Amino acid sequence: MTRTLIRGGRVIDATGERMADVAVEGGRVVDVGAGLGGDEVLDAGGCVVAPGLVDLHAHLREPGGEQAETIASGTAAAAAGGYTAVVAMPNTEPAADSRSVVDFVTARAIAAGRCEVLPSGCITVGRRGHELAPFAELAAAGVRLFTDDGSGVQDPLLMRRALEYAAGLDIVLAQHCQVDRLTEGAVMHEGECCSRLGVPGWPALAEELMLHRDLELVRLTGTPMHFLHLSTAGSVELVRAAKADGLPVTAEVTPHHLSLTDELLASFDGNYKVNPPLRTMADVEALRVGLADGTIDAIATDHAPHSPETKEQPLDVAPPGMLGLETALGVALAHLDMPLARVLAALSWKPATIAGVSDRHGGPIEPGGAANLVVFDPDERWEVAPARLASLSRNTPYRGVKLRGRVRHTLFDGRPTFRDGAVAT
Ligand code: DOR
């Protein structure tokens, strides 16, 4: 068996940090200490060695959207971004509301072998919002996170029944908070900028109203719930109050909502169109505070590949979404004034707990632990060049932008999936 040595890095995990070599064999960490040897050496000089990143929110598009991304290309992008596990969103074609779709996604991911893919399941059949999906059948196929992401569950009674049904199963319901009636025809955040541009607005209230409703449903049913891609200062306040009341809720924020604002839409560039939309600087600042004080648990990418043909359409018809897997760490380190270990908590061990995979991702780097690891230079500045991304799509809003923190190696199950800055073949 090959013994791989990660040499000369600064090891950071939930237990603290130390300078150490890390030896890996047979998918496990076998030794952590000074002056270790190995058959294959990965240089970690000047780098941090941390548990692999875990993404709660990635659109891998397969089945049905293979022109934009496949499970093979999406997991290559994940490896390039330092991820060892990603939750695959269910808004595929067909949607992930049956065991056959879930089994297909799992089989494709195992064949690609670049990271663990955790298929999510729909809350409602076909994500149409009328009847509940078969949670028990999907849970038996390994689904833990259920969501209609891309849309929110509009019907409050159906959402209540979903929470009651979920209570008996070891699963998590995750809501995309959007009251559709309030966002009909909307293109960007409703505010001063959209008025100036004369473009229909997506009000903060459309998110906050559903979030408020669901927090009250959690209070009623006692069932835990996760909230996807929160984007407004009001949402941070609602979750903060809910947690203070002891409600069992968790929340995520995307790298783009932590770094970009609605002003960018003045370019009419479809790469800035996303759902929920980019908000104001006051929202960005509230999200950063919410992440720093633990109101928001995780950074999740909402990696949403779209082909150039669709993104180059006029702003009102271009689909919402932006790439995220390969830039998340660099955006987080460039924009967050938080200790490195706290940033890693939000990118790795906290999402691992929410996804229910902390037995194999995000855990302490110690002998016996699973060898799902990322090695990155926290200070390296690099410019995003879309043509060099591993994703099949190019819809990044960070084209030509300088980020901070670059992945050097990613190891999944003990094998390098990204090595010396390149996807391993
Ligand atoms: O911007 C987004 N794109 N938000 C979503 O909720 C869905 C996603 C997509 O599937 O493209």
# chains A, B, ... in the order shown; residues from 1 in each chain; ligands from 1
call {"tool": "closest_atom_pairs", "arguments": {"of": "stretch 249-334 of chain A", "to": "stretch 198-221 of chain A", "cutoff": "9 Å", "atoms": "only C-alpha atoms", "output": "JSON lines"}}
result
{"residue": "A:Val249", "atom": "CA", "partner": "A:Leu215", "partner_atom": "CA", "distance": 8.0}
{"residue": "A:Pro276", "atom": "CA", "partner": "A:Glu207", "partner_atom": "CA", "distance": 8.1}
{"residue": "A:Pro277", "atom": "CA", "partner": "A:Trp202", "partner_atom": "CA", "distance": 7.3}
{"residue": "A:Arg279", "atom": "CA", "partner": "A:Ala204", "partner_atom": "CA", "distance": 8.4}
{"residue": "A:Asp316", "atom": "CA", "partner": "A:Val199", "partner_atom": "CA", "distance": 8.4}
call {"tool": "write_last_selection", "arguments": {"atoms": "C-alpha atoms", "output": "PDB file, in the first residue's frame"}}
result
ATOM      1  CA  VAL A 249     -32.284  25.570  12.965  1.00  0.00           C
ATOM      2  CA  PRO A 276     -31.626  35.024  -4.325  1.00  0.00           C
ATOM      3  CA  PRO A 277     -30.216  38.175  -5.919  1.00  0.00           C
ATOM      4  CA  ARG A 279     -28.199  42.556  -2.248  1.00  0.00           C
ATOM      5  CA  ASP A 316     -34.593  39.280 -17.857  1.00  0.00           C
TER       6      ASP A 316
END
call {"tool": "residues_around", "arguments": {"residues": "A:Thr4", "least_positions_apart": "3", "cutoff": "12 Å", "atoms": "only C-alpha atoms", "output": "PyMOL selection string"}}
result
chain A and resi 1+7+21-32+36-43+371+411+413-416
call {"tool": "write_last_selection", "arguments": {"atoms": "N, CA, C and O atoms", "output": "compact mmCIF listing (two decimals), in the first residue's frame"}}
result
# COMPACT_ATOMS: atom_id res chain seq x y z
N MET A 1 0.84 -1.21 0.00
CA MET A 1 0.00 0.00 0.00
C MET A 1 0.87 1.26 0.00
O MET A 1 1.87 1.30 0.72
N ARG A 7 3.92 16.94 3.53
CA ARG A 7 5.10 17.37 4.31
C ARG A 7 5.13 18.88 4.58
O ARG A 7 4.97 19.69 3.67
N ASP A 21 3.83 16.99 9.83
CA ASP A 21 3.64 16.18 8.62
C ASP A 21 2.43 15.29 8.87
O ASP A 21 2.14 14.92 10.02
N VAL A 22 1.76 14.92 7.79
CA VAL A 22 0.60 14.02 7.92
C VAL A 22 0.82 12.84 6.97
O VAL A 22 1.00 13.04 5.76
N ALA A 23 0.83 11.64 7.52
CA ALA A 23 1.00 10.44 6.69
C ALA A 23 -0.34 9.75 6.51
O ALA A 23 -1.13 9.62 7.46
N VAL A 24 -0.58 9.31 5.27
CA VAL A 24 -1.87 8.74 4.88
C VAL A 24 -1.64 7.39 4.22
O VAL A 24 -0.74 7.25 3.39
N GLU A 25 -2.45 6.42 4.57
CA GLU A 25 -2.32 5.09 3.95
C GLU A 25 -3.68 4.41 3.98
O GLU A 25 -4.37 4.48 5.02
N GLY A 26 -4.07 3.79 2.87
CA GLY A 26 -5.33 3.04 2.84
C GLY A 26 -6.55 3.87 3.19
O GLY A 26 -7.48 3.39 3.85
N GLY A 27 -6.55 5.14 2.77
CA GLY A 27 -7.73 5.97 3.01
C GLY A 27 -7.81 6.57 4.40
O GLY A 27 -8.78 7.24 4.73
N ARG A 28 -6.80 6.32 5.22
CA ARG A 28 -6.81 6.81 6.61
C ARG A 28 -5.56 7.64 6.90
O ARG A 28 -4.49 7.40 6.31
N VAL A 29 -5.67 8.55 7.84
CA VAL A 29 -4.48 9.20 8.40
C VAL A 29 -3.84 8.17 9.31
O VAL A 29 -4.52 7.55 10.14
N VAL A 30 -2.53 7.94 9.14
CA VAL A 30 -1.89 6.91 9.98
C VAL A 30 -0.89 7.52 10.96
O VAL A 30 -0.54 6.89 11.95
N ASP A 31 -0.41 8.74 10.66
CA ASP A 31 0.57 9.35 11.57
C ASP A 31 0.54 10.86 11.39
O ASP A 31 0.36 11.36 10.28
N VAL A 32 0.71 11.58 12.49
CA VAL A 32 0.79 13.04 12.44
C VAL A 32 1.94 13.43 13.35
O VAL A 32 1.94 13.09 14.53
N LEU A 36 8.32 12.77 9.42
CA LEU A 36 7.79 11.48 8.96
C LEU A 36 8.29 11.17 7.55
O LEU A 36 8.72 12.06 6.80
N GLY A 37 8.19 9.92 7.13
CA GLY A 37 8.58 9.50 5.78
C GLY A 37 7.38 8.97 5.03
O GLY A 37 6.33 8.70 5.61
N GLY A 38 7.57 8.80 3.69
CA GLY A 38 6.47 8.26 2.88
C GLY A 38 6.96 7.91 1.50
O GLY A 38 8.05 8.31 1.08
N ASP A 39 6.13 7.15 0.72
CA ASP A 39 6.52 6.74 -0.63
C ASP A 39 6.29 7.87 -1.62
O ASP A 39 7.01 8.03 -2.60
N GLU A 40 5.23 8.62 -1.37
CA GLU A 40 4.84 9.69 -2.29
C GLU A 40 4.72 10.95 -1.43
O GLU A 40 4.02 10.94 -0.41
N VAL A 41 5.43 12.03 -1.83
CA VAL A 41 5.45 13.22 -0.98
C VAL A 41 4.68 14.37 -1.64
O VAL A 41 4.89 14.69 -2.80
N LEU A 42 3.75 14.97 -0.89
CA LEU A 42 3.04 16.17 -1.34
C LEU A 42 3.58 17.33 -0.51
O LEU A 42 3.50 17.30 0.71
N ASP A 43 4.12 18.32 -1.21
CA ASP A 43 4.71 19.46 -0.50
C ASP A 43 3.62 20.36 0.07
O ASP A 43 2.71 20.79 -0.65
N ALA A 371 -8.96 10.05 5.55
CA ALA A 371 -8.01 10.96 4.87
C ALA A 371 -8.72 11.74 3.78
O ALA A 371 -8.46 11.58 2.59
N LEU A 411 -7.12 15.63 -1.09
CA LEU A 411 -7.09 14.17 -1.01
C LEU A 411 -8.47 13.67 -0.62
O LEU A 411 -9.05 14.13 0.36
N ASP A 413 -10.45 10.17 0.26
CA ASP A 413 -10.26 8.76 0.61
C ASP A 413 -8.77 8.36 0.47
O ASP A 413 -8.45 7.28 0.01
N GLY A 414 -7.91 9.32 0.82
CA GLY A 414 -6.47 9.06 0.82
C GLY A 414 -5.77 9.27 -0.51
O GLY A 414 -4.54 9.26 -0.59
N ARG A 415 -6.54 9.46 -1.60
CA ARG A 415 -5.93 9.64 -2.93
C ARG A 415 -5.95 11.10 -3.34
O ARG A 415 -6.97 11.77 -3.17
N PRO A 416 -4.86 11.62 -3.93
CA PRO A 416 -4.91 12.99 -4.43
C PRO A 416 -5.90 13.09 -5.60
O PRO A 416 -5.78 12.36 -6.59
call {"tool": "closest_residue", "arguments": {"among": "A:Asp13, A:Glu164, A:Glu116, A:Glu66", "to": "A:Ala79", "atoms": "only C-alpha atoms"}}
result
A:Glu116
call {"tool": "closest_residue", "arguments": {"among": "A:Leu138, A:Cys177, A:Ala80, A:Ala14", "to": "ligand 1", "atoms": "only C-alpha atoms and all ligand atoms"}}
result
A:Cys177
call {"tool": "select_by_dssp", "arguments": {"residues": "stretch 163-346 of chain A", "states": "strand (DSSP E)", "output": "ChimeraX atom specification"}}
result
/A:172-175,188-189,201-202,225-227,249-253,298-299
call {"tool": "write_last_selection", "arguments": {"atoms": "N, CA, C and O atoms", "output": "PDB file, in the first residue's frame"}}
result
ATOM      1  N   VAL A 172     -32.915  15.999   7.122  1.00  0.00           N
ATOM      2  CA  VAL A 172     -32.977  17.441   7.345  1.00  0.00           C
ATOM      3  C   VAL A 172     -33.744  18.073   6.184  1.00  0.00           C
ATOM      4  O   VAL A 172     -33.442  17.810   5.021  1.00  0.00           O
ATOM      5  N   LEU A 173     -34.732  18.898   6.498  1.00  0.00           N
ATOM      6  CA  LEU A 173     -35.422  19.648   5.450  1.00  0.00           C
ATOM      7  C   LEU A 173     -34.710  20.988   5.280  1.00  0.00           C
ATOM      8  O   LEU A 173     -34.375  21.653   6.262  1.00  0.00           O
ATOM      9  N   ALA A 174     -34.463  21.367   4.028  1.00  0.00           N
ATOM     10  CA  ALA A 174     -33.731  22.610   3.751  1.00  0.00           C
ATOM     11  C   ALA A 174     -34.596  23.469   2.834  1.00  0.00           C
ATOM     12  O   ALA A 174     -35.027  23.006   1.775  1.00  0.00           O
ATOM     13  N   GLN A 175     -34.842  24.688   3.254  1.00  0.00           N
ATOM     14  CA  GLN A 175     -35.761  25.539   2.481  1.00  0.00           C
ATOM     15  C   GLN A 175     -35.018  26.592   1.657  1.00  0.00           C
ATOM     16  O   GLN A 175     -34.068  27.221   2.137  1.00  0.00           O
ATOM     17  N   MET A 188     -33.593  41.388 -10.209  1.00  0.00           N
ATOM     18  CA  MET A 188     -32.519  41.726  -9.259  1.00  0.00           C
ATOM     19  C   MET A 188     -33.130  42.266  -7.971  1.00  0.00           C
ATOM     20  O   MET A 188     -34.360  42.441  -7.899  1.00  0.00           O
ATOM     21  N   HIS A 189     -32.294  42.517  -6.999  1.00  0.00           N
ATOM     22  CA  HIS A 189     -32.744  43.019  -5.703  1.00  0.00           C
ATOM     23  C   HIS A 189     -33.599  44.283  -5.853  1.00  0.00           C
ATOM     24  O   HIS A 189     -33.240  45.192  -6.617  1.00  0.00           O
ATOM     25  N   GLY A 201     -37.874  44.349  -9.463  1.00  0.00           N
ATOM     26  CA  GLY A 201     -37.123  44.013  -8.253  1.00  0.00           C
ATOM     27  C   GLY A 201     -37.636  42.797  -7.486  1.00  0.00           C
ATOM     28  O   GLY A 201     -38.821  42.460  -7.530  1.00  0.00           O
ATOM     29  N   TRP A 202     -36.718  42.152  -6.777  1.00  0.00           N
ATOM     30  CA  TRP A 202     -36.942  40.933  -5.960  1.00  0.00           C
ATOM     31  C   TRP A 202     -36.787  41.417  -4.510  1.00  0.00           C
ATOM     32  O   TRP A 202     -35.665  41.613  -4.041  1.00  0.00           O
ATOM     33  N   MET A 225     -34.577  22.264  10.981  1.00  0.00           N
ATOM     34  CA  MET A 225     -34.641  22.723   9.596  1.00  0.00           C
ATOM     35  C   MET A 225     -33.386  23.527   9.266  1.00  0.00           C
ATOM     36  O   MET A 225     -32.804  24.187  10.135  1.00  0.00           O
ATOM     37  N   HIS A 226     -32.997  23.456   7.987  1.00  0.00           N
ATOM     38  CA  HIS A 226     -31.837  24.203   7.491  1.00  0.00           C
ATOM     39  C   HIS A 226     -32.317  25.228   6.467  1.00  0.00           C
ATOM     40  O   HIS A 226     -33.208  24.941   5.661  1.00  0.00           O
ATOM     41  N   PHE A 227     -31.712  26.425   6.476  1.00  0.00           N
ATOM     42  CA  PHE A 227     -32.112  27.472   5.535  1.00  0.00           C
ATOM     43  C   PHE A 227     -30.985  27.760   4.555  1.00  0.00           C
ATOM     44  O   PHE A 227     -29.853  28.032   4.952  1.00  0.00           O
ATOM     45  N   VAL A 249     -32.442  25.157  14.362  1.00  0.00           N
ATOM     46  CA  VAL A 249     -32.284  25.570  12.965  1.00  0.00           C
ATOM     47  C   VAL A 249     -30.818  25.859  12.649  1.00  0.00           C
ATOM     48  O   VAL A 249     -30.038  26.239  13.532  1.00  0.00           O
ATOM     49  N   THR A 250     -30.472  25.672  11.378  1.00  0.00           N
ATOM     50  CA  THR A 250     -29.140  26.030  10.875  1.00  0.00           C
ATOM     51  C   THR A 250     -29.335  26.834   9.596  1.00  0.00           C
ATOM     52  O   THR A 250     -30.408  26.803   8.987  1.00  0.00           O
ATOM     53  N   ALA A 251     -28.263  27.546   9.202  1.00  0.00           N
ATOM     54  CA  ALA A 251     -28.384  28.413   8.024  1.00  0.00           C
ATOM     55  C   ALA A 251     -27.051  28.501   7.296  1.00  0.00           C
ATOM     56  O   ALA A 251     -25.988  28.309   7.895  1.00  0.00           O
ATOM     57  N   GLU A 252     -27.150  28.794   6.015  1.00  0.00           N
ATOM     58  CA  GLU A 252     -25.942  28.947   5.195  1.00  0.00           C
ATOM     59  C   GLU A 252     -25.985  30.263   4.436  1.00  0.00           C
ATOM     60  O   GLU A 252     -27.049  30.867   4.253  1.00  0.00           O
ATOM     61  N   VAL A 253     -24.812  30.698   3.997  1.00  0.00           N
ATOM     62  CA  VAL A 253     -24.669  31.894   3.163  1.00  0.00           C
ATOM     63  C   VAL A 253     -23.692  31.517   2.044  1.00  0.00           C
ATOM     64  O   VAL A 253     -22.826  30.672   2.231  1.00  0.00           O
ATOM     65  N   ALA A 298     -22.811  27.954   8.071  1.00  0.00           N
ATOM     66  CA  ALA A 298     -21.970  27.419   7.002  1.00  0.00           C
ATOM     67  C   ALA A 298     -21.900  28.350   5.798  1.00  0.00           C
ATOM     68  O   ALA A 298     -22.824  29.121   5.548  1.00  0.00           O
ATOM     69  N   ILE A 299     -20.792  28.236   5.075  1.00  0.00           N
ATOM     70  CA  ILE A 299     -20.682  28.850   3.750  1.00  0.00           C
ATOM     71  C   ILE A 299     -20.952  27.726   2.751  1.00  0.00           C
ATOM     72  O   ILE A 299     -20.288  26.681   2.801  1.00  0.00           O
TER      73      ILE A 299
END
call {"tool": "closest_residue", "arguments": {"among": "A:Gly150, A:Pro90, A:Pro51, A:Pro305", "to": "ligand 1", "atoms": "only C-alpha atoms and all ligand atoms"}}
result
A:Gly150
call {"tool": "residues_near_ligand", "arguments": {"ligand": "ligand 1", "cutoff": "7 Å", "atoms": "only C-alpha atoms and all ligand atoms", "output": "JSON list (two decimals) with N, CA and C atoms, in the first residue's frame"}}
result
[["chain", "number", "residue", "atom", "x", "y", "z"],
["A", 59, "HIS", "N", -25.12, 22.45, -7.61],
["A", 59, "HIS", "CA", -25.93, 21.95, -8.72],
["A", 59, "HIS", "C", -24.99, 21.24, -9.68],
["A", 91, "ASN", "N", -32.68, 19.70, -8.37],
["A", 91, "ASN", "CA", -33.44, 20.29, -9.49],
["A", 91, "ASN", "C", -32.83, 19.88, -10.83],
["A", 149, "ASP", "N", -34.99, 23.08, -3.71],
["A", 149, "ASP", "CA", -34.15, 24.23, -4.09],
["A", 149, "ASP", "C", -34.28, 24.59, -5.57],
["A", 150, "GLY", "N", -34.22, 25.88, -5.79],
["A", 150, "GLY", "CA", -34.56, 26.45, -7.09],
["A", 150, "GLY", "C", -35.92, 27.10, -6.89],
["A", 151, "SER", "N", -36.72, 26.50, -5.99],
["A", 151, "SER", "CA", -37.97, 27.12, -5.53],
["A", 151, "SER", "C", -38.20, 26.74, -4.07],
["A", 176, "HIS", "N", -35.47, 26.75, 0.43],
["A", 176, "HIS", "CA", -35.12, 27.89, -0.42],
["A", 176, "HIS", "C", -36.23, 28.90, -0.15],
["A", 274, "VAL", "N", -28.51, 36.06, -10.02],
["A", 274, "VAL", "CA", -28.51, 34.87, -9.16],
["A", 274, "VAL", "C", -29.78, 34.92, -8.30],
["A", 275, "ASN", "N", -30.17, 33.75, -7.81],
["A", 275, "ASN", "CA", -31.36, 33.66, -6.97],
["A", 275, "ASN", "C", -30.99, 33.01, -5.65],
["A", 276, "PRO", "N", -31.17, 33.65, -4.49],
["A", 276, "PRO", "CA", -31.63, 35.02, -4.32],
["A", 276, "PRO", "C", -30.62, 36.01, -4.91],
["A", 302, "ASP", "N", -23.75, 27.17, -3.62],
["A", 302, "ASP", "CA", -24.82, 27.32, -4.62],
["A", 302, "ASP", "C", -24.19, 27.35, -6.03],
["A", 304, "ALA", "N", -23.84, 26.93, -9.48],
["A", 304, "ALA", "CA", -24.96, 26.81, -10.43],
["A", 304, "ALA", "C", -24.47, 27.04, -11.86],
["A", 305, "PRO", "N", -23.92, 26.00, -12.48],
["A", 305, "PRO", "CA", -23.40, 26.15, -13.84],
["A", 305, "PRO", "C", -24.52, 26.38, -14.85],
["A", 306, "HIS", "N", -24.25, 27.27, -15.79],
["A", 306, "HIS", "CA", -25.16, 27.51, -16.91],
["A", 306, "HIS", "C", -24.31, 27.71, -18.15],
["A", 319, "PRO", "N", -30.91, 32.62, -17.10],
["A", 319, "PRO", "CA", -31.22, 31.91, -15.86],
["A", 319, "PRO", "C", -30.34, 32.42, -14.72],
["A", 320, "PRO", "N", -30.84, 32.37, -13.47],
["A", 320, "PRO", "CA", -30.02, 32.82, -12.35],
["A", 320, "PRO", "C", -29.00, 31.75, -11.96],
["A", 321, "GLY", "N", -27.84, 32.17, -11.50],
["A", 321, "GLY", "CA", -26.87, 31.21, -10.97],
["A", 321, "GLY", "C", -25.45, 31.55, -11.38],
["A", 322, "MET", "N", -24.51, 31.17, -10.53],
["A", 322, "MET", "CA", -23.08, 31.40, -10.79],
["A", 322, "MET", "C", -22.26, 30.22, -10.28]]
call {"tool": "closest_residue", "arguments": {"among": "A:Leu323, A:Leu336, A:Cys193, A:Val236", "to": "A:Thr261", "atoms": "only C-alpha atoms"}}
result
A:Cys193
call {"tool": "residues_around", "arguments": {"residues": "A:Val125", "least_positions_apart": "2", "cutoff": "9 Å", "atoms": "only C-alpha atoms", "output": "list in words"}}
result
Ala95, Ala96, Asp97, Ser98, Cys122, Ile123, Arg127, Arg128, Gly129, His130, Glu131, Leu132, Ala133 and Pro134 of chain A
call {"tool": "closest_residue", "arguments": {"among": "A:Thr70, A:Ser195, A:Asn372, A:Thr183", "to": "A:Thr417", "atoms": "only C-alpha atoms"}}
result
A:Asn372
call {"tool": "closest_residue", "arguments": {"among": "A:Pro308, A:Gly405, A:Gly294, A:Pro63", "to": "A:Lys350", "atoms": "only C-alpha atoms"}}
result
A:Gly294
call {"tool": "atom_distance", "arguments": {"atom1": "atom CA of A:His57", "atom2": "atom CA of A:Arg394"}}
result
18.3 Å
call {"tool": "residues_around", "arguments": {"residues": "A:Gly8", "least_positions_apart": "5", "cutoff": "8 Å", "atoms": "only C-alpha atoms", "output": "VMD selection string"}}
result
chain A and resid 19 to 21 43 to 47
call {"tool": "select_by_dssp", "arguments": {"residues": "stretch 92-337 of chain A", "states": "alpha helix (DSSP H)", "output": "PyMOL selection string"}}
result
chain A and resi 99-112+135-140+156-166+192-197+204-221+233-244+281-292+308-311+328-335
call {"tool": "atom_distance", "arguments": {"atom1": "atom CA of A:Ala88", "atom2": "atom CA of A:Pro119"}}
result
4.8 Å
call {"tool": "atom_distance", "arguments": {"atom1": "atom CA of A:Leu340", "atom2": "atom CA of A:Val48"}}
result
9.6 Å
call {"tool": "residues_around", "arguments": {"residues": "A:Trp382", "least_positions_apart": "6", "cutoff": "9 Å", "atoms": "only C-alpha atoms", "output": "list of chain:residue names"}}
result
A:Gly330, A:Val401, A:Lys402, A:Leu403, A:Arg404, A:Gly405, A:Arg406
call {"tool": "write_last_selection", "arguments": {"atoms": "N, CA, C and O atoms", "output": "mmCIF file, in the first residue's frame"}}
result
data_model
loop_
_atom_site.group_PDB
_atom_site.id
_atom_site.type_symbol
_atom_site.label_atom_id
_atom_site.label_comp_id
_atom_site.auth_asym_id
_atom_site.auth_seq_id
_atom_site.Cartn_x
_atom_site.Cartn_y
_atom_site.Cartn_z
ATOM 1 N N GLY A 330 -11.143 30.982 -1.949
ATOM 2 C CA GLY A 330 -10.444 32.233 -2.276
ATOM 3 C C GLY A 330 -11.282 33.472 -2.000
ATOM 4 O O GLY A 330 -10.768 34.500 -1.554
ATOM 5 N N VAL A 401 -10.799 38.643 -11.359
ATOM 6 C CA VAL A 401 -10.728 39.168 -9.982
ATOM 7 C C VAL A 401 -9.606 38.440 -9.233
ATOM 8 O O VAL A 401 -9.402 37.245 -9.423
ATOM 9 N N LYS A 402 -8.902 39.180 -8.382
ATOM 10 C CA LYS A 402 -7.831 38.564 -7.575
ATOM 11 C C LYS A 402 -8.422 38.045 -6.264
ATOM 12 O O LYS A 402 -9.019 38.815 -5.507
ATOM 13 N N LEU A 403 -8.251 36.757 -6.025
ATOM 14 C CA LEU A 403 -8.715 36.140 -4.771
ATOM 15 C C LEU A 403 -7.497 35.826 -3.896
ATOM 16 O O LEU A 403 -6.353 35.911 -4.358
ATOM 17 N N ARG A 404 -7.760 35.433 -2.655
ATOM 18 C CA ARG A 404 -6.649 35.115 -1.747
ATOM 19 C C ARG A 404 -6.859 33.714 -1.170
ATOM 20 O O ARG A 404 -7.941 33.440 -0.623
ATOM 21 N N GLY A 405 -5.829 32.873 -1.290
ATOM 22 C CA GLY A 405 -5.932 31.517 -0.771
ATOM 23 C C GLY A 405 -6.165 30.564 -1.927
ATOM 24 O O GLY A 405 -7.182 30.640 -2.604
ATOM 25 N N ARG A 406 -5.187 29.689 -2.153
ATOM 26 C CA ARG A 406 -5.283 28.820 -3.331
ATOM 27 C C ARG A 406 -5.027 27.358 -2.943
ATOM 28 O O ARG A 406 -4.071 27.060 -2.223
#
call {"tool": "residues_around", "arguments": {"residues": "A:Gly363", "least_positions_apart": "6", "cutoff": "12 Å", "atoms": "only C-alpha atoms", "output": "CSV table (one decimal) with N, CA and C atoms, in the first residue's frame"}}
result
chain,number,residue,atom,x,y,z
A,12,ILE,N,-4.6,22.5,10.7
A,12,ILE,CA,-5.7,23.2,11.4
A,12,ILE,C,-6.9,22.3,11.3
A,13,ASP,N,-7.5,22.0,12.5
A,13,ASP,CA,-8.8,21.3,12.5
A,13,ASP,C,-9.6,21.9,13.7
A,14,ALA,N,-10.7,21.2,14.0
A,14,ALA,CA,-11.6,21.8,15.1
A,14,ALA,C,-10.9,21.7,16.4
A,15,THR,N,-9.8,20.9,16.6
A,15,THR,CA,-9.1,20.8,17.9
A,15,THR,C,-8.0,21.9,18.1
A,16,GLY,N,-7.6,22.6,17.0
A,16,GLY,CA,-6.6,23.6,17.1
A,16,GLY,C,-5.6,23.5,16.0
A,28,ARG,N,-6.8,6.3,5.2
A,28,ARG,CA,-6.8,6.8,6.6
A,28,ARG,C,-5.6,7.6,6.9
A,29,VAL,N,-5.7,8.5,7.8
A,29,VAL,CA,-4.5,9.2,8.4
A,29,VAL,C,-3.8,8.2,9.3
A,50,ALA,N,-5.9,20.9,6.2
A,50,ALA,CA,-7.2,21.0,6.9
A,50,ALA,C,-8.1,19.8,6.5
A,51,PRO,N,-9.1,19.5,7.3
A,51,PRO,CA,-10.1,18.6,6.7
A,51,PRO,C,-10.7,19.1,5.4
A,52,GLY,N,-11.0,18.2,4.5
A,52,GLY,CA,-11.6,18.6,3.2
A,52,GLY,C,-12.8,19.5,3.4
A,53,LEU,N,-13.1,20.4,2.4
A,53,LEU,CA,-14.2,21.2,2.5
A,53,LEU,C,-15.5,20.4,2.2
A,54,VAL,N,-16.6,20.9,2.7
A,54,VAL,CA,-17.9,20.2,2.5
A,54,VAL,C,-18.9,21.2,2.0
A,344,LEU,N,-12.7,28.0,8.2
A,344,LEU,CA,-12.7,26.6,7.9
A,344,LEU,C,-13.8,25.8,8.6
A,345,ALA,N,-14.2,26.3,9.8
A,345,ALA,CA,-15.3,25.7,10.5
A,345,ALA,C,-16.6,25.9,9.6
A,348,SER,N,-16.0,23.6,6.4
A,348,SER,CA,-15.8,22.1,6.5
A,348,SER,C,-16.5,21.5,7.7
A,349,TRP,N,-16.1,21.7,8.9
A,349,TRP,CA,-16.7,20.8,10.0
A,349,TRP,C,-18.1,21.2,10.3
A,350,LYS,N,-18.5,22.4,10.2
A,350,LYS,CA,-20.0,22.7,10.5
A,350,LYS,C,-20.9,22.1,9.4
A,351,PRO,N,-20.6,22.4,8.1
A,351,PRO,CA,-21.4,21.7,7.1
A,351,PRO,C,-21.4,20.2,7.1
A,352,ALA,N,-20.2,19.6,7.5
A,352,ALA,CA,-20.1,18.2,7.6
A,352,ALA,C,-21.1,17.7,8.7
A,353,THR,N,-21.3,18.4,9.8
A,353,THR,CA,-22.3,18.0,10.8
A,353,THR,C,-23.7,18.1,10.3
A,356,GLY,N,-24.5,15.4,8.0
A,356,GLY,CA,-24.5,14.1,8.6
A,356,GLY,C,-23.3,13.2,8.2
A,357,VAL,N,-22.2,13.8,7.8
A,357,VAL,CA,-21.1,13.0,7.4
A,357,VAL,C,-19.8,13.3,8.2
A,369,GLY,N,-8.3,8.7,11.5
A,369,GLY,CA,-9.3,9.5,10.9
A,369,GLY,C,-9.3,9.3,9.4
A,370,ALA,N,-10.5,9.6,8.7
A,370,ALA,CA,-10.6,9.5,7.3
A,370,ALA,C,-9.7,10.5,6.6
A,371,ALA,N,-9.0,10.1,5.5
A,371,ALA,CA,-8.0,11.0,4.9
A,371,ALA,C,-8.7,11.7,3.8
A,372,ASN,N,-9.6,12.6,4.2
A,372,ASN,CA,-10.3,13.6,3.3
A,372,ASN,C,-9.8,14.9,3.7
A,373,LEU,N,-8.8,15.4,2.9
A,373,LEU,CA,-8.0,16.6,3.3
A,373,LEU,C,-7.9,17.6,2.2
call {"tool": "decode", "arguments": {"residues": "stretch 191-196 of chain A", "atoms": "N, CA and C atoms", "output": "PDB file, in the first residue's frame"}}
result
ATOM      1  N   GLY A 191     -34.583  47.694  -4.837  1.00  0.00           N
ATOM      2  CA  GLY A 191     -33.978  48.769  -4.058  1.00  0.00           C
ATOM      3  C   GLY A 191     -33.627  49.907  -4.988  1.00  0.00           C
ATOM      4  N   GLU A 192     -32.792  50.786  -4.476  1.00  0.00           N
ATOM      5  CA  GLU A 192     -32.443  51.992  -5.223  1.00  0.00           C
ATOM      6  C   GLU A 192     -31.846  51.660  -6.598  1.00  0.00           C
ATOM      7  N   CYS A 193     -30.964  50.676  -6.611  1.00  0.00           N
ATOM      8  CA  CYS A 193     -30.249  50.350  -7.855  1.00  0.00           C
ATOM      9  C   CYS A 193     -31.213  49.841  -8.927  1.00  0.00           C
ATOM     10  N   CYS A 194     -32.150  48.967  -8.544  1.00  0.00           N
ATOM     11  CA  CYS A 194     -33.080  48.434  -9.551  1.00  0.00           C
ATOM     12  C   CYS A 194     -34.015  49.530 -10.055  1.00  0.00           C
ATOM     13  N   SER A 195     -34.373  50.464  -9.185  1.00  0.00           N
ATOM     14  CA  SER A 195     -35.225  51.577  -9.638  1.00  0.00           C
ATOM     15  C   SER A 195     -34.478  52.399 -10.673  1.00  0.00           C
ATOM     16  N   ARG A 196     -33.201  52.677 -10.386  1.00  0.00           N
ATOM     17  CA  ARG A 196     -32.384  53.468 -11.300  1.00  0.00           C
ATOM     18  C   ARG A 196     -32.269  52.771 -12.658  1.00  0.00           C
TER      19      ARG A 196
END
